[in-house]
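Worksheet: the structure to be examined is printed underneath.
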Protein chains: 2
Amino acid sequence: MTGAVGFGVFSEGDGPPRVGFRAGDGVLDLAGAGLGSHFAVPSLNPFLALGPAAWEDVLGRIDDLVQKGTPFVPLGRTSQRLPFEIADYIDFYSSLEHATNLGRLFRPDNEPLLPNWRHLPVAYHGRAGTVVVSGTPLVRPCGQIRDPYEPPHHGPTRRLDIELEIGFVVGVPSRLGEPVPAGAFRDHVFGVVLVNDWSARDIQAWEYQPLGPFLGKSFATSISAWVTPLALLENRFVAGPEQDPEPLPYLRTSGEWALDVELEVEVAGTVVSRTNARGLYWSMPQQLAHATTNGASIRTGDLLASGTISGAEPKSQGSLIELTWNGTRQLRLGDGSSRSFLEDGDEVVLRGRAGDVELGEVRGTILPARC
Amino acid sequence: MTGAVGFGVFSEGDGPPRVGFRAGDGVLDLAGAGLGSHFAVPSLNPFLALGPAAWEDVLGRIDDLVQKGTPFVPLGRTSQRLPFEIADYIDFYSSLEHATNLGRLFRPDNEPLLPNWRHLPVAYHGRAGTVVVSGTPLVRPCGQIRDPYEPPHHGPTRRLDIELEIGFVVGVPSRLGEPVPAGAFRDHVFGVVLVNDWSARDIQAWEYQPLGPFLGKSFATSISAWVTPLALLENRFVAGPEQDPEPLPYLRTSGEWALDVELEVEVAGTVVSRTNARGLYWSMPQQLAHATTNGASIRTGDLLASGTISGAEPKSQGSLIELTWNGTRQLRLGDGSSRSFLEDGDEVVLRGRAGDVELGEVRGTILPARC
C-alpha cells in the first residue's frame, strides 16, 4: 500500500463534503457506509469527541468493509477540506537542536538555550483560525520589518520560511480546573497530522519581544488533510532522548513515547532535509500534561504541534533559517537554482512515514504578496 | 437607569438558555420577542455575523418593544452564560504605562520599553477555550515556579494577579489573505466587553522567554456576560494620546478612537484602582489593522483585548503587580487586611462606565489550589 492512511473530509468532484477514511489511493465514504450519525456532518469533530472505544470500533468496522470489498473512491477524483475544526492551536518548541540553533541565531551574545528549556516544554498559542488544509496556496505576508540601521517599514516578508512539525489532535475534552496527567494521554488524543508552521522571519524578529511570535506566524499554518490515528502507529513508539535533569513528577512518563516517523522537506522539487520525529526531546504526553497542569481545559479539535523538528546532522533541520544559517549559506536545488528563503512560486511538501503507515503530506505554493 | 446594557445569553431559573438584551435591572428575551431566527440558538454568534445594518435594525426594534411596554425578566431571576463562542483570543499590550512598569519589573537592567513598542501594537494569542463568563470561580493554578537560588518546583502560584482590560468582539469575518484596514473597523466589530486576564506572575516569569506567556495566563480569562454594542458608545469616542513617532500608514486612522470608559477594580470589597480606557496608546482600529496586516483572517467571535489598562497616577494601575510593585508594597483594604497578590476567597470585580452606559461587570472568586 502506498499513500497516506487517516481520517479526513473529502468531496468527490463537485459533490458535498463527507467524512472519509483514506488508505493509499482510495477514500472510503464513512458517511455513506452507515457507520454512525457522528459522520453526518462534514467534520471529524463529532467522531473525535467519542473517545478510544468508539475509535477502535470504527477502525474494526472499516476493516470489515475492506474485507467485504466495499468500493473506495479513487483519490484522484477527490478534493480535501480541513479535516476538523481547530479549537485552540498550541505550538511547542520541543527539539533541542532547533531551540539551540534559533538561540544562536536570534541571541548570538547569550547562552543559546534559555534556563527554562530543559525543565519544561516551552510553548505558545498560535492562531487557530488560520490553520488551513494541505494544498491551500500561501499569499506571501506583509508586515513591519526593521532592517539594521533603518527605521521600520511595511512590506512583503523577504525571509519566508517553513517549520516541519508533527501535531496531535485532541478528541476527548477535559474540564476546567482539572489537569490531564501524562498517563491519560491515550484517553484524550486521537491521532496526528503533519504541520507546516509557515514563518516570516523578518516580521518575527522585530515583533517577538517580549510576548512571543504573532504576525510572523499567524498568516497561515498548514496541516495534513488526513488525521492518522494513534492506533495505527502503536508499533512506532520508541525510547526518546535521555532527559537531564530528570523532569518534575508531573512530566514523568512510563513506557516509550518518542514517535519513529521519518520526515522529509521538499522545496521546489528538491528534498532539502531528512529527519525523524523520534529525536524530539519532549514527548507528546509530556506536552499535554504540561499544557494542562495549570487547570487549563482541552477541547475536541485542539491541535498541539511539536515545534520545528531538527536533527543534529547536516541537512536534517526542519526550517530554512537553520538549513541556510539565516540566509548566509545558499541551498542548491536540483534545477541548478539556489535558495536562502522561499521565493514566489515555490511549492513546499512535507512528508512523513512510520514504517508501513504514511502520514498525510502537507503541500503549499507561495503566491506573490498583495501589499 | 442603572446596571449594564448589552447582549448576552441568560436562563430564567432552571429554564433553557436564551439570547437576551439587558438594560439595567431587566433582560428582554430576544428569542421570545420574534426578532429573527438568528436568536434561536443560545449564542450571539449568528447575530454577530449579520453585520452593522442588522445590528442597528435589532437595536431599533428593541427600542420599539421597550416603548410598547414589553416586559423584561428581572435580572435577579436570571443566570448568565458565555455570551458568544470565542473563536481566537488576542491580547494586546497597548498601555504605555503598563508596558513601562512591566519592563521595569521584569527586565530591571534594561530600557523598560522595548524598541518595537512605539512602532506597533505588541500582542500575542491567548487561550480561547478557557475564556469564561463573569461569575465563574477561579481555581488557583499550579505550575512550575523557580524561586531565586532554588531549582524549579511545581506548586500553587503565590503571585496570582488580575489584569484589567477592555476587549472588542468581531462580528463580520474577513477572508484569508485580505487585511482589514483601520477604516473598516465598524464594518466588522460589534461591541465590547470587560476582560480580566488572570495572571500567575511566578509561573509567567519562569516560562515566558522566548515565546511569551503561556501557562501563566491560560488557566482562565473572564469576560462580561453582556456585550455592549459600539452603537451605544458612539458619543464616548475621544482623542487618544499623541503617538510619537507617527505610525506607519497602515496604522493611521481618521477621527477619534480612544474610548472614554471609567474603570475600577475591586478586591475583597475595596476599590483598589480607578482608571480610564481613553489613556490607551494604541486604539482598537489600529489593533485590528495590525492583527490582519499579514493577511490573517478574522472570524465571528474573535476577542481582541487591550492588555492591562494602567494610568500614570497612583492607584490607577490595572494589575496588582504594578499596584504593589511586585509585592514589595502592601495594599491596604477596607477591612484592615492587606494584600500583595490575591488570596483564596478573594472576590475581584471589574467595572466600567461610559457616561450613561455601564458595561457588564466581571466578577470572580479565588478557590484554593488542587495540587
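The chains in the C-alpha cells are called A, B, ... from first to last as shown; in each chain the residues are counted from 1, and the ligands are counted from 1 in the order shown.
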Based on DSSP run over this structure's backbone, return all residues of range 41-236 of chain A in strand (DSSP E or B), as an MDAnalysis selection string.
-> chainID A and resid 73:74 78:81 89:92 123:126 131:133 138:139 142:145 153:156 160:161 164:170 189:196 199:200 221:223 227:229
Could I get the residues of chain B with an atom no further than 7 Å from an atom of chain A, each paired with its nearest atom pair and that distance in Å to one decimal, using only C-alpha atoms, sorted by chain and residue number, as a Markdown table?
| residue | atom | partner | partner_atom | distance |
| --- | --- | --- | --- | --- |
| B:Asp88 | CA | A:Ala128 | CA | 6.5 |
| B:Asn116 | CA | A:Glu207 | CA | 6.5 |
| B:Val122 | CA | A:Glu207 | CA | 7.0 |
| B:Ala123 | CA | A:Leu211 | CA | 6.6 |
| B:Tyr124 | CA | A:Phe214 | CA | 5.5 |
| B:His125 | CA | A:His125 | CA | 5.5 |
| B:Gly126 | CA | A:His125 | CA | 6.0 |
| B:Arg127 | CA | A:Asp88 | CA | 6.7 |
| B:Ala128 | CA | A:Asp88 | CA | 6.5 |
| B:Gly129 | CA | A:Asp88 | CA | 6.6 |
| B:Thr130 | CA | A:Ala296 | CA | 6.5 |
| B:Val139 | CA | A:Gly177 | CA | 6.2 |
| B:Pro141 | CA | A:Asn294 | CA | 4.7 |
| B:Cys142 | CA | A:Asn294 | CA | 4.8 |
| B:Gly143 | CA | A:Asn294 | CA | 5.6 |
| B:Gly177 | CA | A:Val139 | CA | 6.2 |
| B:Trp206 | CA | A:Asn116 | CA | 6.7 |
| B:Glu207 | CA | A:Asn116 | CA | 6.5 |
| B:Pro210 | CA | A:Gly212 | CA | 6.4 |
| B:Leu211 | CA | A:Gly212 | CA | 4.1 |
| B:Gly212 | CA | A:Leu211 | CA | 4.1 |
| B:Pro213 | CA | A:Leu211 | CA | 6.4 |
| B:Phe214 | CA | A:Tyr124 | CA | 5.5 |
| B:Leu215 | CA | A:Asn294 | CA | 6.3 |
| B:Ser218 | CA | A:Ala296 | CA | 6.1 |
| B:Phe219 | CA | A:Ala296 | CA | 4.4 |
| B:Ala291 | CA | A:Leu215 | CA | 6.9 |
| B:Thr293 | CA | A:Gly143 | CA | 6.1 |
| B:Asn294 | CA | A:Pro141 | CA | 4.7 |
| B:Gly295 | CA | A:Phe219 | CA | 5.6 |
| B:Ala296 | CA | A:Phe219 | CA | 4.4 |
| B:Ser297 | CA | A:Thr130 | CA | 6.6 |
Please write the residues from the selection above to a file, keeping N, CA, C and O atoms, as a compact mmCIF listing (two decimals), in the first residue's frame.
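What landed in again_36.txt:
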# COMPACT_ATOMS: atom_id res chain seq x y z
N ASP B 88 -10.82 33.12 18.11
CA ASP B 88 -9.45 33.31 18.60
C ASP B 88 -9.45 34.46 19.60
O ASP B 88 -10.24 35.40 19.50
N ASN B 116 10.44 48.02 19.72
CA ASN B 116 9.29 47.90 18.81
C ASN B 116 8.03 48.57 19.36
O ASN B 116 7.08 48.82 18.60
N VAL B 122 2.03 45.67 20.17
CA VAL B 122 2.51 44.33 20.53
C VAL B 122 1.33 43.48 21.03
O VAL B 122 0.46 43.98 21.74
N ALA B 123 1.33 42.21 20.66
CA ALA B 123 0.24 41.31 21.06
C ALA B 123 0.70 39.87 21.00
O ALA B 123 1.76 39.56 20.45
N TYR B 124 -0.11 38.99 21.58
CA TYR B 124 0.11 37.54 21.47
C TYR B 124 -1.26 36.87 21.48
O TYR B 124 -2.27 37.50 21.81
N HIS B 125 -1.28 35.60 21.10
CA HIS B 125 -2.53 34.83 21.15
C HIS B 125 -2.69 34.19 22.53
O HIS B 125 -1.76 33.54 23.02
N GLY B 126 -3.87 34.33 23.12
CA GLY B 126 -4.20 33.65 24.36
C GLY B 126 -5.04 32.41 24.09
O GLY B 126 -5.26 32.04 22.92
N ARG B 127 -5.49 31.76 25.15
CA ARG B 127 -6.24 30.51 25.01
C ARG B 127 -7.74 30.80 24.94
O ARG B 127 -8.35 31.22 25.93
N ALA B 128 -8.34 30.56 23.77
CA ALA B 128 -9.76 30.84 23.59
C ALA B 128 -10.64 29.90 24.42
O ALA B 128 -11.69 30.29 24.93
N GLY B 129 -10.19 28.65 24.58
CA GLY B 129 -11.02 27.63 25.24
C GLY B 129 -11.18 27.81 26.73
O GLY B 129 -11.99 27.13 27.35
N THR B 130 -10.42 28.72 27.33
CA THR B 130 -10.55 28.94 28.77
C THR B 130 -11.04 30.35 29.07
O THR B 130 -10.84 30.87 30.18
N VAL B 139 -10.09 28.52 40.13
CA VAL B 139 -9.23 27.65 40.94
C VAL B 139 -7.80 28.19 40.84
O VAL B 139 -7.29 28.41 39.73
N PRO B 141 -4.23 28.37 40.10
CA PRO B 141 -3.49 27.44 39.25
C PRO B 141 -2.18 26.98 39.88
O PRO B 141 -1.59 27.68 40.70
N CYS B 142 -1.76 25.80 39.44
CA CYS B 142 -0.45 25.25 39.82
C CYS B 142 0.45 25.28 38.59
O CYS B 142 -0.04 25.31 37.46
N GLY B 143 1.72 25.22 38.82
CA GLY B 143 2.65 25.18 37.69
C GLY B 143 4.08 25.21 38.16
O GLY B 143 4.35 25.16 39.37
N GLY B 177 -5.84 36.21 3.67
CA GLY B 177 -5.03 36.90 2.67
C GLY B 177 -5.44 38.35 2.44
O GLY B 177 -4.77 39.06 1.70
N TRP B 206 8.97 32.49 34.93
CA TRP B 206 9.87 31.37 34.66
C TRP B 206 9.70 30.84 33.23
O TRP B 206 10.64 30.38 32.60
N GLU B 207 8.48 30.90 32.69
CA GLU B 207 8.21 30.25 31.42
C GLU B 207 8.31 31.16 30.20
O GLU B 207 8.42 30.69 29.07
N PRO B 210 11.60 32.18 25.39
CA PRO B 210 11.49 33.31 24.46
C PRO B 210 10.14 33.44 23.75
O PRO B 210 9.99 34.34 22.95
N LEU B 211 9.13 32.59 24.05
CA LEU B 211 7.94 32.56 23.20
C LEU B 211 6.72 33.23 23.79
O LEU B 211 5.64 33.18 23.22
N GLY B 212 6.88 33.88 24.97
CA GLY B 212 5.77 34.65 25.53
C GLY B 212 4.98 33.90 26.58
O GLY B 212 5.28 32.75 26.91
N PRO B 213 3.92 34.54 27.12
CA PRO B 213 3.13 33.96 28.20
C PRO B 213 2.34 32.74 27.72
O PRO B 213 1.83 32.73 26.61
N PHE B 214 2.25 31.73 28.58
CA PHE B 214 1.51 30.52 28.21
C PHE B 214 0.69 30.07 29.44
O PHE B 214 -0.42 30.54 29.65
N LEU B 215 1.26 29.22 30.30
CA LEU B 215 0.50 28.72 31.44
C LEU B 215 0.27 29.79 32.51
O LEU B 215 -0.63 29.65 33.34
N SER B 218 -3.08 30.93 30.75
CA SER B 218 -4.06 30.11 30.03
C SER B 218 -5.08 29.41 30.92
O SER B 218 -6.01 28.80 30.41
N PHE B 219 -4.94 29.50 32.25
CA PHE B 219 -5.89 28.80 33.13
C PHE B 219 -7.28 29.42 33.09
O PHE B 219 -8.26 28.71 33.30
N ALA B 291 -3.37 43.35 13.47
CA ALA B 291 -3.55 41.89 13.61
C ALA B 291 -3.84 41.21 12.27
O ALA B 291 -3.68 40.00 12.16
N THR B 293 -2.72 42.67 9.13
CA THR B 293 -1.91 43.24 8.04
C THR B 293 -1.09 42.18 7.32
O THR B 293 -0.64 42.40 6.19
N ASN B 294 -0.91 41.03 7.95
CA ASN B 294 -0.22 39.92 7.29
C ASN B 294 -1.18 39.01 6.53
O ASN B 294 -0.78 37.93 6.08
N GLY B 295 -2.43 39.40 6.43
CA GLY B 295 -3.40 38.59 5.72
C GLY B 295 -4.16 37.61 6.61
O GLY B 295 -5.02 36.88 6.13
N ALA B 296 -3.85 37.59 7.91
CA ALA B 296 -4.60 36.72 8.82
C ALA B 296 -6.08 37.10 8.77
O ALA B 296 -6.42 38.28 8.82
N SER B 297 -6.94 36.10 8.67
CA SER B 297 -8.37 36.35 8.64
C SER B 297 -8.91 36.45 10.06
O SER B 297 -8.31 35.95 11.01
Leaving out Arg22 in chain B and any residue of its chain fewer than 4 positions from it, which residues lie within 7 Å of it when counting only C-alpha atoms, given as a PyMOL selection string?
-> chain B and resi 4-7+26-28
Closest of A:Glu165, A:Glu246, A:Asp344, A:Glu234 to Glu361 in chain A, counting only C-alpha atoms, is A:Glu165
Between CA of Arg339 in chain A and CA of Leu96 in chain A, what is the spacing in Å?
->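 Between CA of Leu96 in chain A and CA of Arg339 in chain A the gap works out to 25.3 Å.
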Atom pair CA of Ser306 in chain A + CA of Asp197 in chain A, distance 10.2 Å
Which polymer residues have any atom within 9 Å of an atom of Ala184 in chain A, counting only C-alpha atoms, with same-chain residues fewer than 5 positions away left out, as an NGL selection string?
-> :A and (189 or 285 or 289)
d(CA of Leu105 in chain A, CA of Trp325 in chain A) in Å | 7.7 Å
Which of these residues is nearest to Ser79 in chain A, using only C-alpha atoms: A:Glu56, A:Glu242, A:Asp14, A:Asp63?
->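 Closest candidate: A:Asp14.
All residues in range 102-201 of chain A with a DSSP state of alpha helix (DSSP H), computed from the backbone, read Leu102, Gly103, Arg104, Leu105, Phe106, Phe185, Arg186, Asp187, His188 and Arg201 of chain A.
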Residues from the last selection, C-alpha atoms, saved as an mmCIF file, in the first residue's frame:
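Saved as selection-v9.cif:
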data_model
loop_
_atom_site.group_PDB
_atom_site.id
_atom_site.type_symbol
_atom_site.label_atom_id
_atom_site.label_comp_id
_atom_site.auth_asym_id
_atom_site.auth_seq_id
_atom_site.Cartn_x
_atom_site.Cartn_y
_atom_site.Cartn_z
ATOM 1 C CA LEU A 102 17.434 29.513 16.968
ATOM 2 C CA GLY A 103 19.024 30.718 20.194
ATOM 3 C CA ARG A 104 22.356 31.067 18.404
ATOM 4 C CA LEU A 105 20.747 32.969 15.528
ATOM 5 C CA PHE A 106 18.405 35.277 17.481
ATOM 6 C CA PHE A 185 -2.725 10.779 27.019
ATOM 7 C CA ARG A 186 -4.403 7.946 25.085
ATOM 8 C CA ASP A 187 -7.777 8.668 26.721
ATOM 9 C CA HIS A 188 -7.863 12.095 25.089
ATOM 10 C CA ARG A 201 11.489 35.567 9.991
#
Any idea what's packed within 10 Å of Gly360 in chain A, counting only C-alpha atoms, ignoring anything in its chain fewer than 2 positions away? Could you give it as number ranges by chain?
-> A: 3-8, 22, 134, 192-195, 223-228, 350-353, 357-358, 362-363
Okay, now the selection with N, CA and C atoms, as a PDB file, in the first residue's frame?
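Once everything was written out, this is result_30.pdb:
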ATOM      1  N   GLY A   3       0.709   5.646  -0.068  1.00  0.00           N
ATOM      2  CA  GLY A   3      -0.187   6.765   0.188  1.00  0.00           C
ATOM      3  C   GLY A   3      -0.627   6.772   1.633  1.00  0.00           C
ATOM      4  N   ALA A   4      -1.110   7.930   2.062  1.00  0.00           N
ATOM      5  CA  ALA A   4      -1.394   8.152   3.476  1.00  0.00           C
ATOM      6  C   ALA A   4      -2.582   7.344   3.967  1.00  0.00           C
ATOM      7  N   VAL A   5      -2.610   7.154   5.282  1.00  0.00           N
ATOM      8  CA  VAL A   5      -3.718   6.495   5.950  1.00  0.00           C
ATOM      9  C   VAL A   5      -4.259   7.440   7.013  1.00  0.00           C
ATOM     10  N   GLY A   6      -5.579   7.666   6.975  1.00  0.00           N
ATOM     11  CA  GLY A   6      -6.135   8.519   8.012  1.00  0.00           C
ATOM     12  C   GLY A   6      -7.551   8.953   7.706  1.00  0.00           C
ATOM     13  N   PHE A   7      -8.126   9.695   8.649  1.00  0.00           N
ATOM     14  CA  PHE A   7      -9.494  10.202   8.525  1.00  0.00           C
ATOM     15  C   PHE A   7      -9.457  11.656   8.055  1.00  0.00           C
ATOM     16  N   GLY A   8     -10.393  12.001   7.159  1.00  0.00           N
ATOM     17  CA  GLY A   8     -10.446  13.372   6.689  1.00  0.00           C
ATOM     18  C   GLY A   8     -11.816  13.720   6.149  1.00  0.00           C
ATOM     19  N   ARG A  22      -9.044   7.470   4.328  1.00  0.00           N
ATOM     20  CA  ARG A  22      -8.150   7.221   3.208  1.00  0.00           C
ATOM     21  C   ARG A  22      -7.196   6.083   3.548  1.00  0.00           C
ATOM     22  N   SER A 134      -3.721  21.141   3.725  1.00  0.00           N
ATOM     23  CA  SER A 134      -2.726  20.904   2.677  1.00  0.00           C
ATOM     24  C   SER A 134      -3.304  21.227   1.304  1.00  0.00           C
ATOM     25  N   VAL A 192      -2.532  12.035  14.776  1.00  0.00           N
ATOM     26  CA  VAL A 192      -1.518  13.039  14.442  1.00  0.00           C
ATOM     27  C   VAL A 192      -1.662  13.528  12.998  1.00  0.00           C
ATOM     28  N   VAL A 193      -1.142  14.723  12.775  1.00  0.00           N
ATOM     29  CA  VAL A 193      -1.029  15.301  11.427  1.00  0.00           C
ATOM     30  C   VAL A 193       0.366  15.898  11.277  1.00  0.00           C
ATOM     31  N   LEU A 194       0.811  16.054  10.052  1.00  0.00           N
ATOM     32  CA  LEU A 194       1.997  16.872   9.801  1.00  0.00           C
ATOM     33  C   LEU A 194       1.567  18.340   9.783  1.00  0.00           C
ATOM     34  N   VAL A 195       2.493  19.206  10.148  1.00  0.00           N
ATOM     35  CA  VAL A 195       2.188  20.629  10.284  1.00  0.00           C
ATOM     36  C   VAL A 195       3.310  21.431   9.635  1.00  0.00           C
ATOM     37  N   ILE A 223      -1.868  22.017   7.609  1.00  0.00           N
ATOM     38  CA  ILE A 223      -1.841  20.662   8.177  1.00  0.00           C
ATOM     39  C   ILE A 223      -2.275  19.638   7.124  1.00  0.00           C
ATOM     40  N   SER A 224      -1.957  18.381   7.380  1.00  0.00           N
ATOM     41  CA  SER A 224      -2.387  17.261   6.543  1.00  0.00           C
ATOM     42  C   SER A 224      -3.903  17.257   6.385  1.00  0.00           C
ATOM     43  N   ALA A 225      -4.351  16.760   5.250  1.00  0.00           N
ATOM     44  CA  ALA A 225      -5.781  16.564   5.052  1.00  0.00           C
ATOM     45  C   ALA A 225      -6.293  15.328   5.789  1.00  0.00           C
ATOM     46  N   TRP A 226      -5.375  14.463   6.223  1.00  0.00           N
ATOM     47  CA  TRP A 226      -5.753  13.181   6.827  1.00  0.00           C
ATOM     48  C   TRP A 226      -5.146  13.062   8.210  1.00  0.00           C
ATOM     49  N   VAL A 227      -5.988  12.749   9.209  1.00  0.00           N
ATOM     50  CA  VAL A 227      -5.518  12.573  10.584  1.00  0.00           C
ATOM     51  C   VAL A 227      -5.263  11.081  10.794  1.00  0.00           C
ATOM     52  N   THR A 228      -4.017  10.734  11.084  1.00  0.00           N
ATOM     53  CA  THR A 228      -3.654   9.322  11.263  1.00  0.00           C
ATOM     54  C   THR A 228      -3.854   8.927  12.722  1.00  0.00           C
ATOM     55  N   LEU A 350       5.814  18.627   2.778  1.00  0.00           N
ATOM     56  CA  LEU A 350       6.311  17.866   3.938  1.00  0.00           C
ATOM     57  C   LEU A 350       5.736  16.458   3.845  1.00  0.00           C
ATOM     58  N   ARG A 351       6.599  15.454   4.103  1.00  0.00           N
ATOM     59  CA  ARG A 351       6.139  14.063   4.068  1.00  0.00           C
ATOM     60  C   ARG A 351       6.600  13.338   5.321  1.00  0.00           C
ATOM     61  N   GLY A 352       5.819  12.347   5.744  1.00  0.00           N
ATOM     62  CA  GLY A 352       6.177  11.562   6.918  1.00  0.00           C
ATOM     63  C   GLY A 352       5.773  10.109   6.726  1.00  0.00           C
ATOM     64  N   ARG A 353       6.622   9.211   7.216  1.00  0.00           N
ATOM     65  CA  ARG A 353       6.325   7.786   7.084  1.00  0.00           C
ATOM     66  C   ARG A 353       6.747   7.086   8.367  1.00  0.00           C
ATOM     67  N   VAL A 357       3.035   2.911   7.467  1.00  0.00           N
ATOM     68  CA  VAL A 357       1.979   3.929   7.506  1.00  0.00           C
ATOM     69  C   VAL A 357       2.533   5.284   7.096  1.00  0.00           C
ATOM     70  N   GLU A 358       1.964   5.825   6.017  1.00  0.00           N
ATOM     71  CA  GLU A 358       2.365   7.167   5.589  1.00  0.00           C
ATOM     72  C   GLU A 358       1.408   8.179   6.208  1.00  0.00           C
ATOM     73  N   VAL A 362       1.831  17.535   3.523  1.00  0.00           N
ATOM     74  CA  VAL A 362       1.400  18.930   3.651  1.00  0.00           C
ATOM     75  C   VAL A 362       2.053  19.716   2.529  1.00  0.00           C
ATOM     76  N   ARG A 363       1.226  20.261   1.664  1.00  0.00           N
ATOM     77  CA  ARG A 363       1.682  20.882   0.436  1.00  0.00           C
ATOM     78  C   ARG A 363       1.185  22.325   0.383  1.00  0.00           C
TER      79      ARG A 363
END
